[in-house]
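*Asks:* Please find one structure pasted underneath; my questions will follow.
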Amino acid sequence: MFLTATLLLPLAASPTALSATPAPLIQDVETAKEGESKHRYPVTIKSTLSEAEAKKEGAKPQDLALLGLAIREKTIFNVNVYSYVVYADSAFVAKDLAAWKGKKAKALGKDSALYKKLLQPNGTKELRMRFCRDVDAEDIVEAFEDSLEPRILSRRKAMEGSKADKLKDLTTFRGFFSLDELKEGNELRFTWHPDGTLCTVVNGERKPDLKSQDLAWAMFDVYLGDDPISKSGKKDLVSRLPGLLAD
């Protein structure tokens with residue numbers, strides 16, 4: 001399965017868009033390198049505020065810590081498609097993940113309770129991806145159908161209405177992305193806030209927020225859940241946690 005190709009299409013610039021190309025990192029910002037792609041990501045970032053939160057007086061973004069880095073490979077030739085990383089609210093890490101302090105990365109990678117905790121709506125989290133190569137967009141719709149849709153429907157079995165009714169938020173979400181070719185260097189950010197708000201940024205362009213706990217959960221479950229797109233990648237996404245908990 002090749003989910004993220006669905007989500008990382010270049011979009012035409014809008015008057016309100018931020019820079020279409022991710023800004024180069026300031027030299028004094030500490031980064032970590034994903035080994036296969038050689039992509040570097042900051043070890044700490046500021047979260048994207050939801051539109052509702054940004055309107056509140058004194059609202060400030062959270063400090064998010066990099067939990068781990070992974071690579072998505074496709075085909076038997078192990079072609080690097082994109083790197084991906086997960087960040088979590090530093091306060092959430094220190095408090096909610098304290099039970100895992102002292103454990104090594106190998107043990108954490110096998111701990112189902114840890115992933116269950118990460119997939120709860122506690123503490124702001126961010127999933128960030130960067131493409132290693134140009135990708136044809138024909139896999140896009142199929143990836144949505146194969147990955148996000150069944151996860152959302154599984155959580156909405158008791159919900160009344162048609163299948164289309166149950167997937168309205170996914171339909172809206174899909175509308176954020178064009179069906180042009182994915183380009184090398186394209187970057188996507190998904191910020192999951194505890195109230196279920198999903199903030200989406202494509203190459204610096206902010207999309208409308210979606211209030212959907214199920215959609216936000218599904219995005220992260222694709223990488224951290226019981227049936228991830230990459231089992232080794234799932235383990236890599238918590239590889240930095242021992243060091244964070246030791247601080």
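Simple scheme: letters A, B, ... for chains in structure tokens order, numbers from 1 for residues in each chain, numbers from 1 for ligands in the order shown.
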Could you build a table of the residues in stretch 140-223 of chain A lying no more than 12 Å from stretch 82-98 of chain A, giving for each the nearest pair of atoms and their separation in Å rounded to one decimal place, using only C-alpha atoms, ordered by chain and ascending residue number, as a Markdown table?
*Replies:*
```
| residue | atom | partner | partner_atom | distance |
| --- | --- | --- | --- | --- |
| A:Leu182 | CA | A:Tyr82 | CA | 10.7 |
| A:Lys183 | CA | A:Tyr82 | CA | 10.6 |
| A:Glu184 | CA | A:Tyr82 | CA | 8.7 |
| A:Gly185 | CA | A:Tyr82 | CA | 8.8 |
| A:Asn186 | CA | A:Tyr82 | CA | 9.2 |
| A:Glu187 | CA | A:Tyr82 | CA | 9.2 |
| A:Leu188 | CA | A:Tyr84 | CA | 9.4 |
| A:Arg189 | CA | A:Val85 | CA | 9.8 |
| A:Phe190 | CA | A:Val86 | CA | 9.6 |
| A:Thr191 | CA | A:Tyr87 | CA | 9.1 |
| A:Trp192 | CA | A:Ala88 | CA | 9.5 |
| A:His193 | CA | A:Asp89 | CA | 9.9 |
| A:Pro194 | CA | A:Asp89 | CA | 10.6 |
| A:Met219 | CA | A:Val86 | CA | 11.5 |
| A:Phe220 | CA | A:Val86 | CA | 8.9 |
| A:Asp221 | CA | A:Val86 | CA | 11.8 |
| A:Val222 | CA | A:Tyr84 | CA | 12.0 |
| A:Tyr223 | CA | A:Tyr84 | CA | 9.3 |
```
*Asks:* Using DSSP on the backbone coordinates, identify the residues of stretch 58-208 of chain A assigned to strand (DSSP E or B); present them as a VMD selection string.
*Replies:* chain A and resid 63 to 74 79 to 89 125 to 131 135 182 187 to 192 197 to 202 205 to 206
*Asks:* Hey, which of A:Ala246, A:Thr124, A:Asp146, A:Val135 ends up closest to A:Thr197? Count only C-alpha atoms.
*Replies:* A:Thr124
*Asks:* Separation of atom CA of A:Leu127 and atom CA of A:Gly58, in Å?
*Replies:*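 If I compute the distance from atom CA of A:Leu127 to atom CA of A:Gly58, I get 25.4 Å.
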*Asks:* Using backbone DSSP assignments, extract all alpha helix (DSSP H) residues from stretch 138-247 of chain A; output them as an mmCIF file with N, CA and C atoms, in the first residue's frame.
*Replies:*
```
data_model
loop_
_atom_site.group_PDB
_atom_site.id
_atom_site.type_symbol
_atom_site.label_atom_id
_atom_site.label_comp_id
_atom_site.auth_asym_id
_atom_site.auth_seq_id
_atom_site.Cartn_x
_atom_site.Cartn_y
_atom_site.Cartn_z
ATOM 1 N N ILE A 140 -3.080 7.507 -6.358
ATOM 2 C CA ILE A 140 -3.636 8.393 -5.343
ATOM 3 C C ILE A 140 -4.996 7.958 -4.831
ATOM 4 N N VAL A 141 -5.992 7.897 -5.713
ATOM 5 C CA VAL A 141 -7.344 7.546 -5.290
ATOM 6 C C VAL A 141 -7.358 6.160 -4.657
ATOM 7 N N GLU A 142 -6.643 5.229 -5.251
ATOM 8 C CA GLU A 142 -6.576 3.869 -4.720
ATOM 9 C C GLU A 142 -6.024 3.869 -3.304
ATOM 10 N N ALA A 143 -5.034 4.716 -3.064
ATOM 11 C CA ALA A 143 -4.436 4.773 -1.731
ATOM 12 C C ALA A 143 -5.436 5.270 -0.696
ATOM 13 N N GLU A 149 -10.147 5.145 4.088
ATOM 14 C CA GLU A 149 -11.584 4.848 4.081
ATOM 15 C C GLU A 149 -11.972 3.693 5.001
ATOM 16 N N PRO A 150 -11.347 2.522 4.893
ATOM 17 C CA PRO A 150 -11.767 1.417 5.773
ATOM 18 C C PRO A 150 -11.516 1.699 7.251
ATOM 19 N N ARG A 151 -10.504 2.454 7.547
ATOM 20 C CA ARG A 151 -10.239 2.793 8.948
ATOM 21 C C ARG A 151 -11.360 3.683 9.505
ATOM 22 N N ILE A 152 -11.766 4.652 8.735
ATOM 23 C CA ILE A 152 -12.837 5.548 9.179
ATOM 24 C C ILE A 152 -14.149 4.781 9.314
ATOM 25 N N LEU A 153 -14.460 3.967 8.325
ATOM 26 C CA LEU A 153 -15.709 3.204 8.359
ATOM 27 C C LEU A 153 -15.740 2.231 9.536
ATOM 28 N N SER A 154 -14.578 1.691 9.897
ATOM 29 C CA SER A 154 -14.535 0.737 11.009
ATOM 30 C C SER A 154 -14.930 1.404 12.317
ATOM 31 N N LYS A 163 -22.968 5.291 3.167
ATOM 32 C CA LYS A 163 -21.507 5.286 3.153
ATOM 33 C C LYS A 163 -20.983 6.675 2.831
ATOM 34 N N ALA A 164 -21.625 7.350 1.890
ATOM 35 C CA ALA A 164 -21.205 8.712 1.532
ATOM 36 C C ALA A 164 -21.337 9.656 2.711
ATOM 37 N N ASP A 165 -22.406 9.480 3.497
ATOM 38 C CA ASP A 165 -22.599 10.325 4.684
ATOM 39 C C ASP A 165 -21.471 10.110 5.684
ATOM 40 N N LYS A 166 -21.071 8.852 5.833
ATOM 41 C CA LYS A 166 -20.041 8.514 6.801
ATOM 42 C C LYS A 166 -18.657 9.003 6.372
ATOM 43 N N LYS A 168 -18.059 11.949 4.534
ATOM 44 C CA LYS A 168 -18.096 13.340 4.085
ATOM 45 C C LYS A 168 -16.795 14.072 4.398
ATOM 46 N N ASP A 169 -16.249 13.843 5.590
ATOM 47 C CA ASP A 169 -15.017 14.532 5.955
ATOM 48 C C ASP A 169 -13.854 14.073 5.091
ATOM 49 N N LEU A 170 -13.814 12.786 4.737
ATOM 50 C CA LEU A 170 -12.756 12.276 3.864
ATOM 51 C C LEU A 170 -12.894 12.873 2.468
ATOM 52 N N THR A 171 -14.130 13.030 1.991
ATOM 53 C CA THR A 171 -14.359 13.642 0.681
ATOM 54 C C THR A 171 -13.852 15.074 0.677
ATOM 55 N N THR A 172 -14.138 15.805 1.750
ATOM 56 C CA THR A 172 -13.643 17.179 1.867
ATOM 57 C C THR A 172 -12.120 17.200 1.893
ATOM 58 N N PHE A 173 -11.550 16.294 2.646
ATOM 59 C CA PHE A 173 -10.097 16.206 2.776
ATOM 60 C C PHE A 173 -9.444 15.927 1.431
ATOM 61 N N ARG A 174 -9.998 15.009 0.681
ATOM 62 C CA ARG A 174 -9.445 14.675 -0.626
ATOM 63 C C ARG A 174 -9.464 15.879 -1.561
ATOM 64 N N GLN A 213 -12.238 13.631 14.525
ATOM 65 C CA GLN A 213 -11.373 12.769 15.328
ATOM 66 C C GLN A 213 -11.061 11.466 14.584
ATOM 67 N N ASP A 214 -12.047 10.947 13.856
ATOM 68 C CA ASP A 214 -11.846 9.682 13.144
ATOM 69 C C ASP A 214 -10.842 9.831 12.008
ATOM 70 N N LEU A 215 -10.936 10.897 11.249
ATOM 71 C CA LEU A 215 -9.999 11.119 10.144
ATOM 72 C C LEU A 215 -8.586 11.343 10.673
ATOM 73 N N ALA A 216 -8.469 12.163 11.717
ATOM 74 C CA ALA A 216 -7.149 12.421 12.294
ATOM 75 C C ALA A 216 -6.528 11.129 12.824
ATOM 76 N N TRP A 217 -7.324 10.353 13.533
ATOM 77 C CA TRP A 217 -6.825 9.070 14.042
ATOM 78 C C TRP A 217 -6.385 8.165 12.897
ATOM 79 N N ALA A 218 -7.201 8.091 11.836
ATOM 80 C CA ALA A 218 -6.894 7.206 10.706
ATOM 81 C C ALA A 218 -5.567 7.568 10.061
ATOM 82 N N MET A 219 -5.277 8.859 9.925
ATOM 83 C CA MET A 219 -4.017 9.294 9.332
ATOM 84 C C MET A 219 -2.826 8.728 10.092
ATOM 85 N N PHE A 220 -2.885 8.781 11.405
ATOM 86 C CA PHE A 220 -1.771 8.312 12.224
ATOM 87 C C PHE A 220 -1.779 6.787 12.374
ATOM 88 N N ASP A 221 -2.966 6.185 12.340
ATOM 89 C CA ASP A 221 -3.058 4.742 12.448
ATOM 90 C C ASP A 221 -2.408 4.049 11.258
ATOM 91 N N VAL A 222 -2.410 4.692 10.106
ATOM 92 C CA VAL A 222 -1.768 4.122 8.918
ATOM 93 C C VAL A 222 -0.295 3.828 9.189
ATOM 94 N N TYR A 223 0.330 4.634 10.046
ATOM 95 C CA TYR A 223 1.763 4.503 10.305
ATOM 96 C C TYR A 223 2.078 3.893 11.667
ATOM 97 N N LEU A 224 1.159 4.055 12.635
ATOM 98 C CA LEU A 224 1.438 3.618 14.001
ATOM 99 C C LEU A 224 0.492 2.530 14.503
ATOM 100 N N LYS A 231 6.095 -2.160 8.896
ATOM 101 C CA LYS A 231 6.343 -2.586 10.267
ATOM 102 C C LYS A 231 7.670 -2.036 10.782
ATOM 103 N N SER A 232 8.682 -2.027 9.920
ATOM 104 C CA SER A 232 9.969 -1.480 10.347
ATOM 105 C C SER A 232 9.866 0.032 10.534
ATOM 106 N N GLY A 233 9.094 0.684 9.664
ATOM 107 C CA GLY A 233 8.903 2.121 9.794
ATOM 108 C C GLY A 233 8.185 2.482 11.082
ATOM 109 N N LYS A 234 7.225 1.667 11.461
ATOM 110 C CA LYS A 234 6.502 1.883 12.717
ATOM 111 C C LYS A 234 7.465 1.894 13.894
ATOM 112 N N LYS A 235 8.397 0.954 13.904
ATOM 113 C CA LYS A 235 9.385 0.895 14.981
ATOM 114 C C LYS A 235 10.314 2.107 14.944
ATOM 115 N N ASP A 236 10.698 2.508 13.738
ATOM 116 C CA ASP A 236 11.599 3.655 13.594
ATOM 117 C C ASP A 236 10.972 4.947 14.104
ATOM 118 N N LEU A 241 12.612 8.092 21.192
ATOM 119 C CA LEU A 241 11.899 8.252 22.457
ATOM 120 C C LEU A 241 12.765 7.963 23.681
ATOM 121 N N PRO A 242 13.609 6.934 23.685
ATOM 122 C CA PRO A 242 14.448 6.719 24.878
ATOM 123 C C PRO A 242 15.252 7.945 25.268
ATOM 124 N N GLY A 243 15.841 8.615 24.280
ATOM 125 C CA GLY A 243 16.621 9.807 24.579
ATOM 126 C C GLY A 243 15.766 10.949 25.087
ATOM 127 N N LEU A 244 14.562 11.084 24.560
ATOM 128 C CA LEU A 244 13.667 12.151 25.009
ATOM 129 C C LEU A 244 13.241 11.927 26.458
ATOM 130 N N LEU A 245 12.975 10.688 26.820
ATOM 131 C CA LEU A 245 12.537 10.390 28.168
ATOM 132 C C LEU A 245 13.682 10.441 29.182
ATOM 133 N N ALA A 246 14.912 10.349 28.686
ATOM 134 C CA ALA A 246 16.072 10.385 29.580
ATOM 135 C C ALA A 246 16.456 11.819 29.939
#
```
*Asks:* Would you pick out the contacts of A:Ala52 at 12 Å or less, using only C-alpha atoms, so that residues sharing its chain but fewer than 4 positions from it are not included, and give the list as a PyMOL selection string?
*Replies:* chain A and resi 48+56-57+59+193+195-199+208-211
*Asks:* Find the distance between atom CA of A:Val238 and atom CA of A:Ala105 and write it in Å to one decimal.
*Replies:*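 Interatomic distance here is 6.9 Å.
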*Asks:* What separation in Å, quoted to one decimal, exists between atom CA of A:Ala99 and atom CA of A:Ile45?
*Replies:*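 Separation between atom CA of A:Ala99 and atom CA of A:Ile45: 23.9 Å.
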